[in-house]
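Undergrad: Next up, entry_35.tsv (TSV, C-alpha atoms).
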```tsv
chain	number	residue	atom	x	y	z
A	392	MET	CA	117.03	123.46	75.32
A	393	LEU	CA	114.40	120.72	75.59
A	394	ARG	CA	110.85	122.05	75.92
A	395	LEU	CA	108.20	120.03	77.74
A	396	TYR	CA	104.54	120.84	77.17
A	397	ASP	CA	102.79	119.84	80.34
A	398	ASN	CA	99.88	120.43	82.70
A	399	LYS	CA	100.30	120.47	86.45
A	400	GLU	CA	97.42	118.06	87.06
A	401	SER	CA	98.85	115.45	84.71
A	402	ARG	CA	100.92	112.68	86.15
A	403	ASN	CA	101.78	111.63	82.61
A	404	GLY	CA	103.78	114.85	82.34
A	405	TYR	CA	105.22	114.37	85.82
A	406	LYS	CA	106.72	111.02	84.81
A	407	VAL	CA	108.86	112.88	82.29
A	408	VAL	CA	109.71	115.61	84.80
A	409	MET	CA	110.89	112.88	87.20
A	410	LEU	CA	113.29	111.42	84.62
A	411	LEU	CA	114.62	114.80	83.47
A	412	ASN	CA	115.45	115.60	87.09
A	413	HIS	CA	117.08	112.23	87.71
A	414	LEU	CA	119.20	112.82	84.62
A	415	GLY	CA	119.99	116.42	85.55
A	416	VAL	CA	118.91	117.58	82.09
A	417	ALA	CA	117.84	121.21	81.83
A	418	PHE	CA	114.47	121.84	80.21
A	419	GLU	CA	111.86	124.51	79.76
A	420	ARG	CA	108.43	123.54	81.06
A	421	VAL	CA	105.45	125.08	79.25
A	422	GLU	CA	102.23	124.87	81.24
A	423	LEU	CA	99.16	124.41	79.06
A	424	ASP	CA	95.72	124.96	80.52
A	425	ILE	CA	94.12	121.91	78.94
A	426	PHE	CA	90.76	122.87	80.45
A	427	LYS	CA	90.79	126.11	78.45
A	428	GLY	CA	91.64	124.31	75.21
A	429	GLU	CA	95.31	125.24	75.14
A	430	SER	CA	96.23	121.75	73.94
A	431	ARG	CA	93.72	122.02	71.06
A	432	THR	CA	94.92	125.23	69.38
A	433	PRO	CA	96.06	124.98	65.74
A	434	GLU	CA	99.60	125.82	66.86
A	435	TYR	CA	99.72	123.01	69.38
A	436	LEU	CA	97.94	120.49	67.17
A	437	ALA	CA	100.67	121.12	64.58
A	438	LYS	CA	103.15	119.92	67.22
A	439	ASN	CA	101.06	117.04	68.61
A	440	PRO	CA	98.02	116.12	66.52
A	441	ALA	CA	96.65	114.08	69.44
A	442	GLY	CA	96.06	117.36	71.29
A	443	LYS	CA	97.49	115.94	74.50
A	444	ILE	CA	100.27	116.62	76.92
A	445	PRO	CA	103.01	115.73	77.58
A	446	ALA	CA	104.93	116.43	74.42
A	447	LEU	CA	108.69	116.98	74.28
A	448	GLU	CA	110.09	119.37	71.71
A	449	LEU	CA	113.73	118.74	70.86
A	450	GLU	CA	116.15	121.49	69.89
A	451	ASP	CA	115.73	120.71	66.19
A	452	GLY	CA	111.95	121.13	66.47
A	453	THR	CA	111.11	117.40	66.45
A	454	VAL	CA	108.19	116.73	68.79
A	455	LEU	CA	107.81	113.46	70.68
A	456	ALA	CA	104.43	112.44	72.09
A	457	GLU	CA	103.22	109.78	74.55
A	458	SER	CA	104.84	109.68	77.96
A	459	GLY	CA	106.11	106.12	77.55
A	460	ALA	CA	107.89	106.97	74.30
A	461	ILE	CA	109.36	110.17	75.74
A	462	LEU	CA	110.69	108.27	78.77
A	463	TRP	CA	112.24	105.67	76.49
A	464	TYR	CA	113.86	108.29	74.25
A	465	LEU	CA	115.41	110.14	77.18
A	466	ALA	CA	116.49	106.99	79.06
A	467	GLU	CA	118.29	105.20	76.22
A	468	GLY	CA	121.93	104.83	77.13
A	469	THR	CA	121.39	105.78	80.77
A	470	ASP	CA	121.09	103.75	83.98
A	471	TYR	CA	117.30	104.09	83.82
A	472	LEU	CA	116.91	101.71	80.85
A	473	PRO	CA	118.72	98.35	80.85
A	474	GLY	CA	121.35	97.64	78.25
A	475	ASP	CA	120.23	94.07	77.67
A	476	ARG	CA	117.36	92.95	75.49
A	477	ILE	CA	115.48	90.98	78.16
A	478	GLY	CA	115.78	93.85	80.60
A	479	ARG	CA	114.36	96.28	78.05
A	480	ALA	CA	111.47	93.91	77.32
A	481	GLN	CA	110.66	93.72	81.03
A	482	VAL	CA	110.71	97.52	81.31
A	483	LEU	CA	108.42	97.84	78.31
A	484	ARG	CA	106.11	95.17	79.71
A	485	TRP	CA	105.35	97.41	82.66
A	486	ILE	CA	105.12	100.58	80.58
A	487	CYS	CA	102.53	98.84	78.38
A	488	PHE	CA	100.69	97.54	81.46
A	489	GLU	CA	100.59	101.08	82.82
A	490	GLN	CA	99.20	102.50	79.61
A	491	ASN	CA	96.68	99.73	79.07
A	492	ALA	CA	95.42	98.63	82.49
A	493	HIS	CA	96.56	101.23	85.02
A	494	GLU	CA	96.36	104.73	83.53
A	495	THR	CA	93.00	104.01	81.92
A	496	SER	CA	91.54	103.00	85.27
A	497	ILE	CA	93.37	104.84	88.07
A	498	ALA	CA	94.10	108.11	86.29
A	499	GLU	CA	90.64	108.21	84.78
A	500	ALA	CA	88.88	107.51	88.07
A	501	ARG	CA	90.85	110.40	89.56
A	502	PHE	CA	89.80	112.63	86.66
A	503	ILE	CA	86.11	111.75	87.10
A	504	LEU	CA	86.28	112.58	90.82
A	505	HIS	CA	88.35	115.75	90.28
A	506	HIS	CA	86.22	117.05	87.44
A	507	PRO	CA	82.60	116.04	87.92
A	508	GLU	CA	81.57	118.97	85.72
A	509	LEU	CA	83.42	117.35	82.80
A	510	SER	CA	82.39	113.80	83.68
A	511	ARG	CA	78.61	113.78	83.65
A	512	GLY	CA	77.25	110.33	82.85
A	513	ARG	CA	80.58	108.71	83.80
A	514	GLU	CA	80.06	108.52	87.57
A	515	GLY	CA	78.02	105.31	87.40
A	516	ASP	CA	78.97	102.20	85.42
A	517	ILE	CA	82.09	103.78	83.94
A	518	LEU	CA	83.58	104.77	87.30
A	519	ALA	CA	82.65	101.40	88.82
A	520	GLU	CA	84.49	99.56	86.05
A	521	LYS	CA	87.53	101.79	86.53
A	522	HIS	CA	87.58	100.97	90.24
A	523	LYS	CA	87.35	97.26	89.53
A	524	ARG	CA	90.15	97.33	86.99
A	525	GLY	CA	92.31	99.73	88.95
A	526	ASN	CA	92.17	97.47	91.99
A	527	ALA	CA	93.14	94.51	89.82
A	528	ALA	CA	96.11	96.50	88.53
A	529	LEU	CA	97.18	97.49	92.04
A	530	ALA	CA	96.85	93.88	93.22
A	531	LEU	CA	99.12	92.68	90.40
A	532	MET	CA	101.67	95.38	91.26
A	533	ASP	CA	101.50	94.45	94.95
A	534	GLN	CA	102.10	90.80	94.13
A	535	HIS	CA	105.11	91.68	91.99
A	536	LEU	CA	106.54	94.06	94.56
A	537	ALA	CA	106.22	91.54	97.36
A	538	ASP	CA	109.22	89.78	95.76
A	539	ASN	CA	110.93	92.66	93.96
A	540	HIS	CA	112.18	96.07	95.05
A	541	PHE	CA	111.48	97.55	91.63
A	542	PHE	CA	109.48	96.55	88.55
A	543	ALA	CA	112.16	95.47	86.11
A	544	ALA	CA	115.81	94.53	85.83
A	545	GLY	CA	116.32	94.51	89.60
A	546	ARG	CA	116.73	98.26	89.81
A	547	TYR	CA	114.99	101.63	89.51
A	548	THR	CA	114.08	102.26	85.86
A	549	ILE	CA	111.60	104.21	83.76
A	550	ALA	CA	109.11	101.38	84.42
A	551	ASP	CA	108.97	102.60	88.03
A	552	MET	CA	108.55	106.23	86.95
A	553	ALA	CA	105.76	105.28	84.56
A	554	LEU	CA	103.89	103.48	87.34
A	555	TYR	CA	104.70	105.94	90.12
A	556	GLY	CA	102.94	108.86	88.42
A	557	TYR	CA	99.35	107.81	89.02
A	558	THR	CA	99.88	105.18	91.72
A	559	GLN	CA	101.01	107.88	94.12
A	560	VAL	CA	97.66	109.68	93.72
A	561	ALA	CA	95.45	106.60	93.46
A	562	GLY	CA	93.76	107.70	96.67
A	563	GLU	CA	92.42	110.74	94.80
A	564	GLY	CA	90.75	108.29	92.44
A	565	GLY	CA	88.96	106.47	95.26
A	566	PHE	CA	91.47	103.64	95.75
A	567	ASP	CA	92.62	102.49	99.19
A	568	LEU	CA	96.38	102.07	98.95
A	569	SER	CA	96.56	100.65	102.48
A	570	GLN	CA	95.31	97.41	100.95
A	571	TYR	CA	98.55	97.17	98.97
A	572	PRO	CA	101.44	97.31	101.45
A	573	ALA	CA	104.17	96.31	99.01
A	574	VAL	CA	103.04	99.14	96.75
A	575	GLY	CA	103.30	101.54	99.68
A	576	ALA	CA	106.86	100.42	100.45
A	577	TRP	CA	107.81	100.83	96.80
A	578	LEU	CA	106.37	104.37	96.68
A	579	ALA	CA	108.72	105.24	99.56
A	580	ARG	CA	111.69	103.63	97.76
A	581	VAL	CA	111.00	105.70	94.65
A	582	ALA	CA	110.75	108.92	96.65
A	583	ALA	CA	114.18	108.16	98.15
A	584	GLN	CA	115.95	107.96	94.78
A	585	PRO	CA	118.67	110.54	94.03
A	586	GLY	CA	117.24	113.43	92.06
A	587	TYR	CA	113.64	112.66	92.98
A	588	VAL	CA	111.33	115.67	92.73
A	589	PRO	CA	107.77	115.71	94.04
A	590	ALA	CA	104.95	116.49	91.65
A	591	PRO	CA	103.62	120.04	91.46
A	592	GLU	CA	100.60	120.88	93.57
A	593	SER	CA	97.54	120.37	91.42
B	846	MET	CA	111.83	76.74	70.11
B	847	LEU	CA	109.86	79.84	71.05
B	848	ARG	CA	106.45	79.08	72.53
B	849	LEU	CA	103.58	81.56	72.15
B	850	TYR	CA	100.59	81.29	74.48
B	851	ASP	CA	97.69	82.66	72.51
B	852	ASN	CA	93.95	82.62	71.90
B	853	LYS	CA	92.49	82.66	68.43
B	854	GLU	CA	90.07	85.52	69.20
B	855	SER	CA	92.85	87.78	70.45
B	856	ARG	CA	94.35	90.25	68.07
B	857	ASN	CA	96.98	91.02	70.72
B	858	GLY	CA	98.33	87.54	70.09
B	859	TYR	CA	97.95	87.91	66.35
B	860	LYS	CA	100.24	90.98	66.35
B	861	VAL	CA	103.04	88.70	67.60
B	862	VAL	CA	102.13	85.98	65.09
B	863	MET	CA	102.39	88.59	62.32
B	864	LEU	CA	105.92	89.56	63.35
B	865	LEU	CA	107.12	85.99	63.83
B	866	ASN	CA	105.95	85.21	60.31
B	867	HIS	CA	107.56	88.31	58.84
B	868	LEU	CA	110.81	87.27	60.53
B	869	GLY	CA	110.47	83.63	59.46
B	870	VAL	CA	111.05	82.52	63.05
B	871	ALA	CA	109.70	79.08	63.94
B	872	PHE	CA	107.50	78.91	67.03
B	873	GLU	CA	105.06	76.65	68.80
B	874	ARG	CA	101.63	78.19	69.28
B	875	VAL	CA	99.72	77.04	72.38
B	876	GLU	CA	96.00	77.81	72.20
B	877	LEU	CA	94.49	78.65	75.59
B	878	ASP	CA	90.73	78.68	76.01
B	879	ILE	CA	90.59	81.87	78.04
B	880	PHE	CA	86.81	81.50	78.41
B	881	LYS	CA	87.34	78.22	80.25
B	882	GLY	CA	89.91	79.73	82.60
B	883	GLU	CA	92.97	78.25	80.90
B	884	SER	CA	94.88	81.53	81.38
B	885	ARG	CA	94.06	81.51	85.11
B	886	THR	CA	95.44	78.11	86.11
B	887	PRO	CA	98.23	78.01	88.73
B	888	GLU	CA	100.61	76.69	86.06
B	889	TYR	CA	99.90	79.56	83.69
B	890	LEU	CA	99.85	82.24	86.39
B	891	ALA	CA	103.35	81.09	87.34
B	892	LYS	CA	104.39	82.01	83.78
B	893	ASN	CA	102.35	85.23	83.48
B	894	PRO	CA	100.89	86.52	86.75
B	895	ALA	CA	98.60	88.86	84.80
B	896	GLY	CA	96.69	85.78	83.60
B	897	LYS	CA	96.57	87.09	80.04
B	898	ILE	CA	97.67	86.10	76.60
B	899	PRO	CA	99.85	86.59	74.65
B	900	ALA	CA	102.94	85.47	76.51
B	901	LEU	CA	106.15	84.36	74.83
B	902	GLU	CA	108.24	81.66	76.49
B	903	LEU	CA	111.88	81.69	75.43
B	904	GLU	CA	114.03	78.59	75.19
B	905	ASP	CA	115.57	79.26	78.61
B	906	GLY	CA	112.13	79.44	80.22
B	907	THR	CA	111.98	83.26	80.49
B	908	VAL	CA	108.44	84.45	79.85
B	909	LEU	CA	107.69	87.82	78.26
B	910	ALA	CA	104.25	89.40	78.64
B	911	GLU	CA	102.43	92.31	76.97
B	912	SER	CA	102.16	92.30	73.19
B	913	GLY	CA	104.00	95.61	72.80
B	914	ALA	CA	106.98	94.36	74.80
B	915	ILE	CA	107.06	91.04	72.94
B	916	LEU	CA	107.02	92.83	69.59
B	917	TRP	CA	109.86	95.08	70.73
B	918	TYR	CA	111.94	92.15	71.98
B	919	LEU	CA	111.56	90.21	68.75
B	920	ALA	CA	112.07	93.22	66.46
B	921	GLU	CA	115.27	94.61	68.00
B	922	GLY	CA	118.04	94.45	65.41
B	923	THR	CA	115.64	93.74	62.54
B	924	ASP	CA	114.13	95.92	59.81
B	925	TYR	CA	110.90	96.15	61.81
B	926	LEU	CA	112.35	98.45	64.50
B	927	PRO	CA	114.43	101.49	63.48
B	928	GLY	CA	118.08	101.67	64.44
B	929	ASP	CA	117.92	105.36	65.35
B	930	ARG	CA	116.69	106.82	68.60
B	931	ILE	CA	114.08	109.17	67.10
B	932	GLY	CA	112.71	106.36	64.95
B	933	ARG	CA	112.36	104.08	67.96
B	934	ALA	CA	110.57	106.83	69.92
B	935	GLN	CA	108.11	107.29	67.07
B	936	VAL	CA	107.44	103.54	66.94
B	937	LEU	CA	106.88	103.46	70.68
B	938	ARG	CA	104.61	106.52	70.49
B	939	TRP	CA	102.19	104.53	68.36
B	940	ILE	CA	102.52	101.35	70.42
B	941	CYS	CA	101.63	103.37	73.54
B	942	PHE	CA	98.75	105.05	71.69
B	943	GLU	CA	97.48	101.65	70.68
B	944	GLN	CA	97.61	100.31	74.22
B	945	ASN	CA	96.12	103.41	75.81
B	946	ALA	CA	93.54	104.82	73.40
B	947	HIS	CA	92.90	102.18	70.74
B	948	GLU	CA	92.92	98.70	72.26
B	949	THR	CA	90.92	99.85	75.28
B	950	SER	CA	88.18	101.20	73.03
B	951	ILE	CA	88.12	99.23	69.77
B	952	ALA	CA	89.13	95.81	71.10
B	953	GLU	CA	86.87	96.15	74.10
B	954	ALA	CA	83.85	97.27	72.06
B	955	ARG	CA	84.38	94.17	69.94
B	956	PHE	CA	84.55	92.01	73.05
B	957	ILE	CA	81.30	93.46	74.42
B	958	LEU	CA	79.50	92.76	71.13
B	959	HIS	CA	81.06	89.31	70.72
B	960	HIS	CA	80.43	88.23	74.29
B	961	PRO	CA	77.22	89.81	75.60
B	962	GLU	CA	76.97	86.97	78.14
B	963	LEU	CA	80.25	88.17	79.71
B	964	SER	CA	79.48	91.88	79.32
B	965	ARG	CA	76.24	92.46	81.19
B	966	GLY	CA	75.98	96.05	82.40
B	967	ARG	CA	78.61	97.19	79.88
B	968	GLU	CA	76.35	97.59	76.83
B	969	GLY	CA	75.18	101.07	77.86
B	970	ASP	CA	77.43	103.91	78.98
B	971	ILE	CA	80.60	101.82	78.82
B	972	LEU	CA	80.09	100.75	75.21
B	973	ALA	CA	79.06	104.28	74.20
B	974	GLU	CA	82.27	105.70	75.64
B	975	LYS	CA	84.32	103.06	73.84
B	976	HIS	CA	82.68	104.01	70.54
B	977	LYS	CA	83.37	107.69	71.10
B	978	ARG	CA	87.03	107.07	71.97
B	979	GLY	CA	87.56	104.46	69.30
B	980	ASN	CA	86.30	106.83	66.63
B	981	ALA	CA	88.64	109.53	67.94
B	982	ALA	CA	91.53	107.06	67.70
B	983	LEU	CA	90.59	106.06	64.15
B	984	ALA	CA	90.28	109.72	63.14
B	985	LEU	CA	93.78	110.44	64.44
B	986	MET	CA	95.14	107.42	62.56
B	987	ASP	CA	93.35	108.52	59.39
B	988	GLN	CA	94.81	112.00	59.66
B	989	HIS	CA	98.34	110.59	60.11
B	990	LEU	CA	97.93	108.11	57.26
B	991	ALA	CA	96.67	110.78	54.87
B	992	ASP	CA	100.30	111.98	54.74
B	993	ASN	CA	102.21	108.81	55.60
B	994	HIS	CA	102.26	105.30	54.16
B	995	PHE	CA	103.08	103.80	57.56
B	996	PHE	CA	103.01	104.98	61.18
B	997	ALA	CA	106.67	105.55	61.95
B	998	ALA	CA	110.08	105.91	60.38
B	999	GLY	CA	108.69	105.99	56.83
B	1000	ARG	CA	108.37	102.24	56.62
B	1001	TYR	CA	106.52	99.16	57.86
B	1002	THR	CA	107.40	98.53	61.52
B	1003	ILE	CA	106.00	96.91	64.63
B	1004	ALA	CA	103.96	100.11	65.15
B	1005	ASP	CA	101.91	99.06	62.13
B	1006	MET	CA	101.52	95.50	63.42
B	1007	ALA	CA	100.42	96.77	66.84
B	1008	LEU	CA	97.73	98.94	65.24
B	1009	TYR	CA	96.70	96.49	62.52
B	1010	GLY	CA	95.57	93.83	64.99
B	1011	TYR	CA	92.35	95.41	66.17
B	1012	THR	CA	91.90	98.04	63.44
B	1013	GLN	CA	91.29	95.30	60.90
B	1014	VAL	CA	88.34	94.00	62.93
B	1015	ALA	CA	87.02	97.37	64.13
B	1016	GLY	CA	83.83	96.68	62.20
B	1017	GLU	CA	83.13	93.81	64.60
B	1018	GLY	CA	83.20	96.40	67.39
B	1019	GLY	CA	80.58	98.57	65.71
B	1020	PHE	CA	82.93	101.00	63.96
B	1021	ASP	CA	82.42	102.08	60.34
B	1022	LEU	CA	85.84	101.93	58.70
B	1023	SER	CA	84.48	103.42	55.47
B	1024	GLN	CA	84.66	106.77	57.28
B	1025	TYR	CA	88.44	106.43	57.42
B	1026	PRO	CA	89.69	105.95	53.85
B	1027	ALA	CA	93.38	106.43	54.63
B	1028	VAL	CA	93.09	103.71	57.26
B	1029	GLY	CA	91.51	101.44	54.67
B	1030	ALA	CA	94.36	102.02	52.22
B	1031	TRP	CA	96.91	101.32	54.98
B	1032	LEU	CA	95.19	98.05	55.93
B	1033	ALA	CA	95.68	96.95	52.30
B	1034	ARG	CA	99.35	98.01	52.35
B	1035	VAL	CA	99.96	95.95	55.49
B	1036	ALA	CA	98.28	92.89	53.99
B	1037	ALA	CA	100.61	93.18	50.97
B	1038	GLN	CA	103.81	92.97	53.04
B	1039	PRO	CA	106.11	89.98	52.47
B	1040	GLY	CA	105.41	87.27	55.02
B	1041	TYR	CA	101.97	88.61	55.94
B	1042	VAL	CA	99.66	86.00	57.39
B	1043	PRO	CA	95.95	86.54	57.97
B	1044	ALA	CA	94.55	86.11	61.47
B	1045	PRO	CA	92.99	82.78	62.43
B	1046	GLU	CA	89.23	82.49	62.09
B	1047	SER	CA	87.70	83.38	65.43
```
Please express the file's structure as structure tokens.

TA:
Amino acid sequence: MLRLYDNKESRNGYKVVMLLNHLGVAFERVELDIFKGESRTPEYLAKNPAGKIPALELEDGTVLAESGAILWYLAEGTDYLPGDRIGRAQVLRWICFEQNAHETSIAEARFILHHPELSRGREGDILAEKHKRGNAALALMDQHLADNHFFAAGRYTIADMALYGYTQVAGEGGFDLSQYPAVGAWLARVAAQPGYVPAPES
Amino acid sequence: MLRLYDNKESRNGYKVVMLLNHLGVAFERVELDIFKGESRTPEYLAKNPAGKIPALELEDGTVLAESGAILWYLAEGTDYLPGDRIGRAQVLRWICFEQNAHETSIAEARFILHHPELSRGREGDILAEKHKRGNAALALMDQHLADNHFFAAGRYTIADMALYGYTQVAGEGGFDLSQYPAVGAWLARVAAQPGYVPAPES
């Protein structure tokens, strides 16, 4: 059975949980307490040298890291990743945008506010820059979603799952989602997809 | 003919130039002076609403954005992207790592040092955090490259191109590459690949 190393606070892990549920694929979820160093043990570092979750362990022991790569691996050949080359490039465009502009601002602002004890010295200039960039990312998403129901290929794909993870909790990072109405409508469309599961309470 | 919107300082654009040269694909390169707003004109925003380079315009007018997605699009079906699912996931793992942990620290530290006039207020805590994270990224790369000639699939792929772009100029961001000998050896291996072209002078 597939084994997913995860942490309940992480929306990077939740993205993968979303897809596994959409696909109806059984998996074992292993909760790691990343705040007690459980992702930095020698045993775990042998699986994922980056010391991060999520990581997906396949039945043959191969371990895949990085949420975007895990989503891609699981979605190949399914309805959640287009079969055509342009469609795949558009999906990957948004996965890269999420990793570069969105996760590094919205997820990290949420972390700073959730964990002030681990974020000393980051609540000033660093948090302000994350708010500026996160709002720019949300504005670009809102613009795109004003004309599109989903991010790529005209349908619900792993690009939407990648972006849903932290957008849904942007408020916890100090962002005002009411400024982005098309984003709000898209969040509701995602939550209405067959097989959708809400994130664990964190 | 393919048209690449680019800026000579950007190593995100250079990654795509590397691949196009490896593939021997002819293209027109359009230099945009991003510091004079040439990536924020209405005409360009209609092509890439993110207002960033690189963007690749196909012969039918379709525009692809995000360097990782452009690399993937161009590499599909070539030797630079594996044909097997695990190999593709490993390539994408490193492309996501580059976009999330590496470009946001190493490329941005370089930008702050290159453009102090555009980076006021970022030379303190923000730059210090980028140095800390960039060194962590380089250490992880060095560890991987101690046992591997290339990043994924046992051969030179677009994962290497994605990481080469800004690693090669990490010194301009204040990083000491001599601390990462396996990275240094890999940089030389990349530069020895058939069809390699150096980056433009910036």

Undergrad: To box range 975-992 of chain B, take all atoms listed in the file, fit an axis-aligned box, add 3 Å on each side, and give centre and edge lengths in Å to one decimal, as lines of an AutoDock Vina configuration file.

TA:
```
center_x = 91.5
center_y = 107.5
center_z = 64.3
size_x = 23.6
size_y = 14.9
size_z = 25.1
```

Undergrad: For range 1000-1003 of chain B, list every protein, DNA or RNA residue within 7 Å, evaluated using all atoms listed in the file, and leave out those in the same chain fewer than 6 positions away; present the list as a list in words.

TA: Leu916, Tyr925 and Leu926 of chain B

Undergrad: I want to know what sits within 12 Å of range 433-449 of chain A, based on only C-alpha atoms, with residues of the same chain fewer than 4 positions away left out; could you give that as a PyMOL selection string?

TA: (chain A and resi 392-408+411+417-426+428-429+453-462+464-465) or (chain B and resi 931+934+938-939+942+946+981-989)

Undergrad: Please, what distance in Å, to one decimal, runs between CA of Thr886 in chain B and CA of Glu904 in chain B?

TA: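 Separation of CA of Thr886 in chain B and CA of Glu904 in chain B: 21.6 Å.
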
Undergrad: For the atom pair CA of Phe566 in chain A and CA of His947 in chain B, what is the interatomic distance in Å to one decimal place?

TA: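 Those two atoms sit 25.1 Å apart.
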
Undergrad: I need the residue nearest chain A from this list: B:Ala952, B:Val1014, B:Ile971, B:Ala997. Use all atoms listed in the file for the distance.

TA: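 Residue with the minimum atom-to-atom distance to chain A: B:Ile971.
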
Undergrad: Suppose you want the space between CA of Cys487 in chain A and CA of Leu414 in chain A; what is it in Å?

TA: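 Interatomic distance here is 22.6 Å.
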
Undergrad: Of the residues B:Gly906, B:Gln1038, B:Gly928, B:Leu937, which is the one nearest to chain A, using only C-alpha atoms?

TA: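 Checking each of B:Gly906, B:Gln1038, B:Gly928, B:Leu937 against chain A, counting only C-alpha atoms, the winner is B:Leu937.
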
Undergrad: Could you pull out every residue with an atom within 10 Å of (75.2, 100.8, 70.5), file coordinates, counting all atoms listed in the file, and send them as a list in words?

TA: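 The residues near that point, listed by chain and number, are Ala954, Leu958, Glu968, Gly969, Asp970, Ile971, Leu972, Ala973, Lys975, His976, Gly1018 and Gly1019 of chain B.
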
Undergrad: Could you check the closest approach to chain B for each of A:Asp470, A:Glu489, A:Asn412, A:Leu536 and tell me which residue wins, using all atoms listed in the file?

TA: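 Checking each candidate against chain B, we get A:Glu489 as the closest.
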
Undergrad: Please provide the set of residues having any atom within 10 Å of Gln1013 in chain B, restricted to all atoms listed in the file, with same-chain residues fewer than 2 positions apart removed, written as a list in words.

TA: Arg856, Leu1008, Tyr1009, Gly1010, Tyr1011, Ala1015, Gly1016, Glu1017, Leu1022, Val1028, Gly1029, Leu1032, Ala1033 and Ala1044 of chain B

Undergrad: So which one's closest to Glu953 in chain B, B:Ser1047, B:Thr1012, B:Asn993, B:Thr923? Using all atoms listed in the file, please.

TA: B:Thr1012

Undergrad: Could you check which of B:Val870, B:Met863, B:Ala920, B:Ala1036 is closest to chain A, using only C-alpha atoms?

TA: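 Checking each of B:Val870, B:Met863, B:Ala920, B:Ala1036 against chain A, counting only C-alpha atoms, the winner is B:Ala920.
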
Undergrad: Compare A:Phe541, A:Ser430, A:Gly415, A:Gln481 by their minimum atom-to-atom distance to chain B, counting only C-alpha atoms, and give me the closest one.

TA: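 Using only C-alpha atoms, chain B sits closest to A:Gln481.
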
Undergrad: Because the input lacks atoms here, generate N, CA and C atoms for range 940-955 of chain B and report them as a PDB file, in the coordinates of the input.

TA:
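Below is the file that was written, selection_39.pdb:
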```pdb
ATOM      1  N   ILE B 940     102.827 102.533  69.603  1.00  0.00           N
ATOM      2  CA  ILE B 940     102.520 101.350  70.420  1.00  0.00           C
ATOM      3  C   ILE B 940     101.817 101.787  71.712  1.00  0.00           C
ATOM      4  N   CYS B 941     102.290 102.864  72.320  1.00  0.00           N
ATOM      5  CA  CYS B 941     101.630 103.370  73.540  1.00  0.00           C
ATOM      6  C   CYS B 941     100.217 103.873  73.219  1.00  0.00           C
ATOM      7  N   PHE B 942     100.082 104.591  72.120  1.00  0.00           N
ATOM      8  CA  PHE B 942      98.750 105.050  71.690  1.00  0.00           C
ATOM      9  C   PHE B 942      97.817 103.860  71.518  1.00  0.00           C
ATOM     10  N   GLU B 943      98.319 102.820  70.904  1.00  0.00           N
ATOM     11  CA  GLU B 943      97.480 101.650  70.680  1.00  0.00           C
ATOM     12  C   GLU B 943      97.036 101.048  72.018  1.00  0.00           C
ATOM     13  N   GLN B 944      97.952 100.920  72.943  1.00  0.00           N
ATOM     14  CA  GLN B 944      97.610 100.310  74.220  1.00  0.00           C
ATOM     15  C   GLN B 944      96.698 101.190  75.057  1.00  0.00           C
ATOM     16  N   ASN B 945      96.864 102.500  74.940  1.00  0.00           N
ATOM     17  CA  ASN B 945      96.120 103.410  75.810  1.00  0.00           C
ATOM     18  C   ASN B 945      94.769 103.815  75.214  1.00  0.00           C
ATOM     19  N   ALA B 946      94.749 104.220  73.959  1.00  0.00           N
ATOM     20  CA  ALA B 946      93.540 104.820  73.400  1.00  0.00           C
ATOM     21  C   ALA B 946      92.768 103.874  72.472  1.00  0.00           C
ATOM     22  N   HIS B 947      93.454 102.947  71.860  1.00  0.00           N
ATOM     23  CA  HIS B 947      92.900 102.180  70.740  1.00  0.00           C
ATOM     24  C   HIS B 947      92.418 100.811  71.205  1.00  0.00           C
ATOM     25  N   GLU B 948      93.296 100.052  71.824  1.00  0.00           N
ATOM     26  CA  GLU B 948      92.920  98.700  72.260  1.00  0.00           C
ATOM     27  C   GLU B 948      91.811  98.763  73.304  1.00  0.00           C
ATOM     28  N   THR B 949      91.905  99.743  74.205  1.00  0.00           N
ATOM     29  CA  THR B 949      90.920  99.850  75.280  1.00  0.00           C
ATOM     30  C   THR B 949      89.559 100.308  74.780  1.00  0.00           C
ATOM     31  N   SER B 950      89.479 100.795  73.573  1.00  0.00           N
ATOM     32  CA  SER B 950      88.180 101.200  73.030  1.00  0.00           C
ATOM     33  C   SER B 950      87.731 100.226  71.941  1.00  0.00           C
ATOM     34  N   ILE B 951      88.551 100.031  70.929  1.00  0.00           N
ATOM     35  CA  ILE B 951      88.120  99.230  69.770  1.00  0.00           C
ATOM     36  C   ILE B 951      88.067  97.742  70.126  1.00  0.00           C
ATOM     37  N   ALA B 952      89.126  97.232  70.742  1.00  0.00           N
ATOM     38  CA  ALA B 952      89.130  95.810  71.100  1.00  0.00           C
ATOM     39  C   ALA B 952      88.041  95.511  72.124  1.00  0.00           C
ATOM     40  N   GLU B 953      87.847  96.440  73.053  1.00  0.00           N
ATOM     41  CA  GLU B 953      86.870  96.150  74.100  1.00  0.00           C
ATOM     42  C   GLU B 953      85.436  96.293  73.602  1.00  0.00           C
ATOM     43  N   ALA B 954      85.194  97.203  72.675  1.00  0.00           N
ATOM     44  CA  ALA B 954      83.850  97.270  72.060  1.00  0.00           C
ATOM     45  C   ALA B 954      83.553  95.968  71.332  1.00  0.00           C
ATOM     46  N   ARG B 955      84.549  95.452  70.639  1.00  0.00           N
ATOM     47  CA  ARG B 955      84.380  94.170  69.940  1.00  0.00           C
ATOM     48  C   ARG B 955      84.085  93.042  70.930  1.00  0.00           C
TER      49      ARG B 955
END
```
